[in-house]
Amino acid sequence: MNKIKKVIAVLATVSLSLSVAIPAQAAITDRQSVPDSSYDGGLSLYTEIVELEVAEESTNPDLLYVWLHMWLPVYSYDFVDGAFAGIDVDSDLDGRTDFTIFTDDTPYDYGRVEHVLTVWDPVNQRLVPGCTVETWVDLDSEASWIGFGLPKSCLGIINSQVNLKGFAIDPDSSDDSGDFVPDGSNFAVFNVQGVAVSEPENPVIGSALPKLTSEKIYKTPTPAKSPIDLVATAEQVGKSVVSVVCGSSSGTAWAADATISVDMRSAGVKTVLVTNHHVVADCLGNNLVTVVLADGSEEEGYIWSSDPEMDLASVLLYVKIPTLDWRGEKPKQGWWVGTIGNPMGINSSLTTGVISKVSTEGNVVLTSVPINPGNSGGPLFDRSGRVIGVVTAKLVDSENMGIIIGSPSLCGTLFDCGYQRPWSTSLKSLPLKKYSNCSKMNGDYTGGVKKTISSKNKGKTPIYRAVVSSSVYAKNKHLDKDRDGLVCEK
């Protein structure tokens with residue numbers, strides 16, 4: 001996994017974990033355990049598990065306790081810097097993992113203090129909205145176990161049995177040390193009191209990711225130059241940029257051009273926003289955030305997908321706002337770029353710069369564009385208004401060295417891109433030929449051509465996105481019958 005947080009300082013002040021005091025001692029019942037059948041933890045002794053134990057609580061039928069009993073005492077920093085431990089859950093008893101819970105890089109604390117973990121859905125490759133698990137250790141007593149509190153309802157544990165597997169892994173050790181209980185690909189079967197699963201507070205969706213819109217694209221013309229009309233470009237892009245408020249913190253998000261699934265449309269979803277995981281992390285309990293639109297109005301947003309490793313998240317809106325394209329030529333060093341966001345609480349602030357470097361690993365872009373806390377989640381866009389990536393962080397103790405998660409990282413995490421890729425290295429240049437009619441022009445430009453990004457169609461909204469090219473427009477101005485700055489809009 002690409003642990004971006006290892007090499008950057010996060011912009012927002014939102015904490016990735018929540019600490020709460022453990023409640024009073026509860027009545028633990030129905031203890032069951034499965035011992036490890038062999039020593040196979042490798043060279044890292046602290047990844048060796050000796051037993052997987054399960055129990056329930058008499059006063060809370062929705063809670064399932066799970067403990068990993070380890071070979072050695074568990075200390076605060078045992079499961080940081082790449083090492084992790086967790087539980088695989090097979091709730092429908094089909095022998096396949098339905099949910100995975102694993103420790104993050106947050107150290108355990110003294111005084112038997114819990115922190116909260118998110119739940120991963122390996123089938124759909126996303127976090128489960130509204131589903132969190134508490135984990136704790138007993139550092140004061142130097143106990144050799146890790147505890148997890150699993151909510152049965154959101155994990156679909158409705159039967160009288162559940163399949164579980166425990167694991168502890170250190171991928172950075174010399175022999176890829178790790179241990180599983182039970183061994184191999186099997187699960188341990190435990191008897192439990194099933195609970196009824198109620199419908200979520202905000203039902204949406206189904207499992208289908210929004211899809212990357214398919215349309216003909218071309219190279220970015222003269223990418224090192226600033227836009228012909230930066231005022232118009234900023235105004236157009238700004239309509240798609242919003243502020244996301246989660247608790248006492250806020251960040252930025254932008255509306256992505258994507259095809260929304262039938263399930264989403266049926267639920268009333270009209271827009272998919274892209275932002276950072278750390279912007280919304282503290283609101284994963286109920287998945288609700290406040291979204292402040294460009295016109296100042298407020299809407300409720302629903303967190304649908306979130307990936308803490310890639311630091312990406314999507315938020316659904318039930319109102320329609322303009323979207324931004326995020327497909328095109330792979331960016332290069334020296335390109336002009338800009339961002340609009342909400343740094344330090346100043347809404348819709350524009351800053352510009354250039355691309356300093358494009359990393360060959362992880363689709364990460366470095367930029368000289370000034371960014372500050374509150375810019376997190378915003379779009380880094382090129383001279384045509386196309387989004388290159390998500391503003392995520394800046395290097396500490398540096399001058400204008402921002403880190404951007406490139407658009408290709410949205411694929412598989414937030415969107416289904418199919419065979420398409422947001423960045424291409426084999427695009428054609430915008431043709432400058434003169435067309436005799438719109439049928440021929442639409443063969444090259446599906447949605448027509450705009451004179452400038454601010455050109456507004458006098459008729460209906462175009463079905464497809466028009467390409468912005470003043471030179472192609474000038475060559476084919478004779479086809480702009482209504483003189484609205486759009487040629488052969490469709």
# chains A, B, ... in the order shown; residues from 1 in each chain; ligands from 1

$ select_by_dssp --residues "region 263-473 of chain A" --states "strand (DSSP E)" --output "ChimeraX atom specification"
/A:271-275,288-292,298-307,312-317,328-329,336-341,349-358,364-367,379-381,387-394,402-406,423-424,449-450,467-468

$ residues_around --residues "region 116-132 of chain A" --least-positions-apart "2" --cutoff "9 Å" --atoms "only C-alpha atoms" --output "PyMOL selection string"
chain A and resi 16-20+97-104+114+134-136+150-151+154-155+200+207-209+283-287+302-308+412-414

$ closest_residue --among "A:Asn191, A:Ser91, A:His277, A:Ser376" --to "Gly402 (chain A)" --atoms "only C-alpha atoms"
A:Ser376

$ residues_around --residues "Val365 (chain A)" --least-positions-apart "5" --cutoff "9 Å" --atoms "only C-alpha atoms" --output "list in words"
Pro331, Ile355, Ser356, Lys357, Val358, Ser359, Ile388, Gly389, Gly402, Ile403, Ile404, Ile405 and Gly406 of chain A

$ residues_around --residues "Pro322 (chain A)" --least-positions-apart "6" --cutoff "7 Å" --atoms "only C-alpha atoms" --output "PyMOL selection string"
chain A and resi 239-240+255

$ write_last_selection --atoms "C-alpha atoms" --output "PDB file, in the first residue's frame"
ATOM      1  CA  LYS A 239     -18.315  26.731  -9.731  1.00  0.00           C
ATOM      2  CA  SER A 240     -17.258  23.097  -9.203  1.00  0.00           C
ATOM      3  CA  ALA A 255     -17.187  17.847  -8.480  1.00  0.00           C
TER       4      ALA A 255
END

$ atom_distance --atom1 "CA of Gly341 (chain A)" --atom2 "CA of Gly418 (chain A)"
29.6 Å

$ closest_residue --among "A:Ser250, A:Leu479, A:Ala466, A:Ser454" --to "Tyr435 (chain A)" --atoms "only C-alpha atoms"
A:Leu479

$ atom_distance --atom1 "CA of Leu317 (chain A)" --atom2 "CA of Ser248 (chain A)"
20.7 Å

$ residues_around --residues "Tyr110 (chain A)" --least-positions-apart "6" --cutoff "10 Å" --atoms "only C-alpha atoms" --output "JSON, numbers by chain"
{"A": [75, 76, 136, 137, 138, 139, 140, 141]}

$ write_last_selection --atoms "N, CA and C atoms" --output "PDB file, in the first residue's frame"
ATOM      1  N   TYR A  75       3.222  -3.429  22.871  1.00  0.00           N
ATOM      2  CA  TYR A  75       3.604  -2.085  23.284  1.00  0.00           C
ATOM      3  C   TYR A  75       3.029  -1.045  22.325  1.00  0.00           C
ATOM      4  N   SER A  76       3.144   0.195  22.712  1.00  0.00           N
ATOM      5  CA  SER A  76       2.474   1.298  22.025  1.00  0.00           C
ATOM      6  C   SER A  76       2.787   1.356  20.536  1.00  0.00           C
ATOM      7  N   TRP A 136      -7.981  -1.637  21.368  1.00  0.00           N
ATOM      8  CA  TRP A 136      -7.272  -1.206  22.556  1.00  0.00           C
ATOM      9  C   TRP A 136      -6.280  -2.288  22.989  1.00  0.00           C
ATOM     10  N   VAL A 137      -5.324  -1.880  23.791  1.00  0.00           N
ATOM     11  CA  VAL A 137      -4.394  -2.800  24.447  1.00  0.00           C
ATOM     12  C   VAL A 137      -4.277  -2.365  25.902  1.00  0.00           C
ATOM     13  N   ASP A 138      -3.620  -3.168  26.729  1.00  0.00           N
ATOM     14  CA  ASP A 138      -3.423  -2.825  28.142  1.00  0.00           C
ATOM     15  C   ASP A 138      -1.934  -2.609  28.373  1.00  0.00           C
ATOM     16  N   LEU A 139      -1.481  -1.386  28.073  1.00  0.00           N
ATOM     17  CA  LEU A 139      -0.058  -1.072  28.201  1.00  0.00           C
ATOM     18  C   LEU A 139       0.383  -1.031  29.659  1.00  0.00           C
ATOM     19  N   ASP A 140      -0.510  -0.600  30.549  1.00  0.00           N
ATOM     20  CA  ASP A 140      -0.143  -0.489  31.963  1.00  0.00           C
ATOM     21  C   ASP A 140       0.241  -1.844  32.554  1.00  0.00           C
ATOM     22  N   SER A 141      -0.441  -2.892  32.101  1.00  0.00           N
ATOM     23  CA  SER A 141      -0.175  -4.236  32.634  1.00  0.00           C
ATOM     24  C   SER A 141       0.779  -5.031  31.750  1.00  0.00           C
TER      25      SER A 141
END

$ atom_distance --atom1 "CA of Glu53 (chain A)" --atom2 "CA of Phe190 (chain A)"
9.4 Å

$ closest_residue --among "A:Tyr318, A:Trp326, A:Phe415, A:Tyr473" --to "Gly301 (chain A)" --atoms "only C-alpha atoms"
A:Tyr318

$ select_by_dssp --residues "region 216-338 of chain A" --states "helix (DSSP H, G or I)" --output "NGL selection string"
:A and (230-238 or 262-266 or 277-283)

$ write_last_selection --atoms "N, CA and C atoms" --output "mmCIF file, in the first residue's frame"
data_model
loop_
_atom_site.group_PDB
_atom_site.id
_atom_site.type_symbol
_atom_site.label_atom_id
_atom_site.label_comp_id
_atom_site.auth_asym_id
_atom_site.auth_seq_id
_atom_site.Cartn_x
_atom_site.Cartn_y
_atom_site.Cartn_z
ATOM 1 N N LEU A 230 -7.541 34.010 -17.593
ATOM 2 C CA LEU A 230 -7.494 33.377 -16.279
ATOM 3 C C LEU A 230 -8.716 33.725 -15.440
ATOM 4 N N VAL A 231 -9.241 34.919 -15.615
ATOM 5 C CA VAL A 231 -10.433 35.319 -14.857
ATOM 6 C C VAL A 231 -11.597 34.390 -15.200
ATOM 7 N N ALA A 232 -11.791 34.136 -16.505
ATOM 8 C CA ALA A 232 -12.887 33.261 -16.927
ATOM 9 C C ALA A 232 -12.641 31.814 -16.499
ATOM 10 N N THR A 233 -11.384 31.370 -16.604
ATOM 11 C CA THR A 233 -11.058 29.995 -16.205
ATOM 12 C C THR A 233 -11.311 29.785 -14.718
ATOM 13 N N ALA A 234 -10.863 30.738 -13.903
ATOM 14 C CA ALA A 234 -11.068 30.625 -12.458
ATOM 15 C C ALA A 234 -12.554 30.629 -12.113
ATOM 16 N N GLU A 235 -13.316 31.463 -12.797
ATOM 17 C CA GLU A 235 -14.753 31.521 -12.536
ATOM 18 C C GLU A 235 -15.427 30.196 -12.877
ATOM 19 N N GLN A 236 -15.025 29.617 -14.000
ATOM 20 C CA GLN A 236 -15.629 28.365 -14.435
ATOM 21 C C GLN A 236 -15.253 27.211 -13.501
ATOM 22 N N VAL A 237 -13.974 27.101 -13.169
ATOM 23 C CA VAL A 237 -13.536 26.035 -12.276
ATOM 24 C C VAL A 237 -14.145 26.212 -10.888
ATOM 25 N N GLY A 238 -14.210 27.456 -10.427
ATOM 26 C CA GLY A 238 -14.703 27.745 -9.090
ATOM 27 C C GLY A 238 -16.117 27.281 -8.837
ATOM 28 N N VAL A 262 -26.993 3.622 -11.646
ATOM 29 C CA VAL A 262 -28.449 3.667 -11.581
ATOM 30 C C VAL A 262 -28.917 3.714 -10.130
ATOM 31 N N ASP A 263 -28.276 2.924 -9.257
ATOM 32 C CA ASP A 263 -28.649 2.908 -7.848
ATOM 33 C C ASP A 263 -28.489 4.290 -7.223
ATOM 34 N N MET A 264 -27.397 4.968 -7.554
ATOM 35 C CA MET A 264 -27.182 6.305 -7.015
ATOM 36 C C MET A 264 -28.230 7.280 -7.526
ATOM 37 N N ARG A 265 -28.488 7.238 -8.829
ATOM 38 C CA ARG A 265 -29.479 8.153 -9.400
ATOM 39 C C ARG A 265 -30.852 7.908 -8.793
ATOM 40 N N SER A 266 -31.189 6.637 -8.578
ATOM 41 C CA SER A 266 -32.482 6.303 -7.984
ATOM 42 C C SER A 266 -32.593 6.841 -6.567
ATOM 43 N N HIS A 277 -9.180 11.878 2.354
ATOM 44 C CA HIS A 277 -9.688 11.118 3.495
ATOM 45 C C HIS A 277 -9.539 11.906 4.793
ATOM 46 N N HIS A 278 -8.384 12.581 4.973
ATOM 47 C CA HIS A 278 -8.165 13.265 6.244
ATOM 48 C C HIS A 278 -9.101 14.449 6.449
ATOM 49 N N VAL A 279 -9.724 14.920 5.370
ATOM 50 C CA VAL A 279 -10.705 16.003 5.492
ATOM 51 C C VAL A 279 -11.990 15.507 6.148
ATOM 52 N N VAL A 280 -12.366 14.250 5.883
ATOM 53 C CA VAL A 280 -13.656 13.728 6.351
ATOM 54 C C VAL A 280 -13.513 12.635 7.406
ATOM 55 N N ALA A 281 -12.294 12.302 7.801
ATOM 56 C CA ALA A 281 -12.054 11.135 8.669
ATOM 57 C C ALA A 281 -12.852 11.182 9.962
ATOM 58 N N ASP A 282 -12.992 12.364 10.565
ATOM 59 C CA ASP A 282 -13.687 12.455 11.842
ATOM 60 C C ASP A 282 -15.205 12.361 11.702
ATOM 61 N N CYS A 283 -15.706 12.286 10.481
ATOM 62 C CA CYS A 283 -17.151 12.207 10.262
ATOM 63 C C CYS A 283 -17.582 10.840 9.738
#
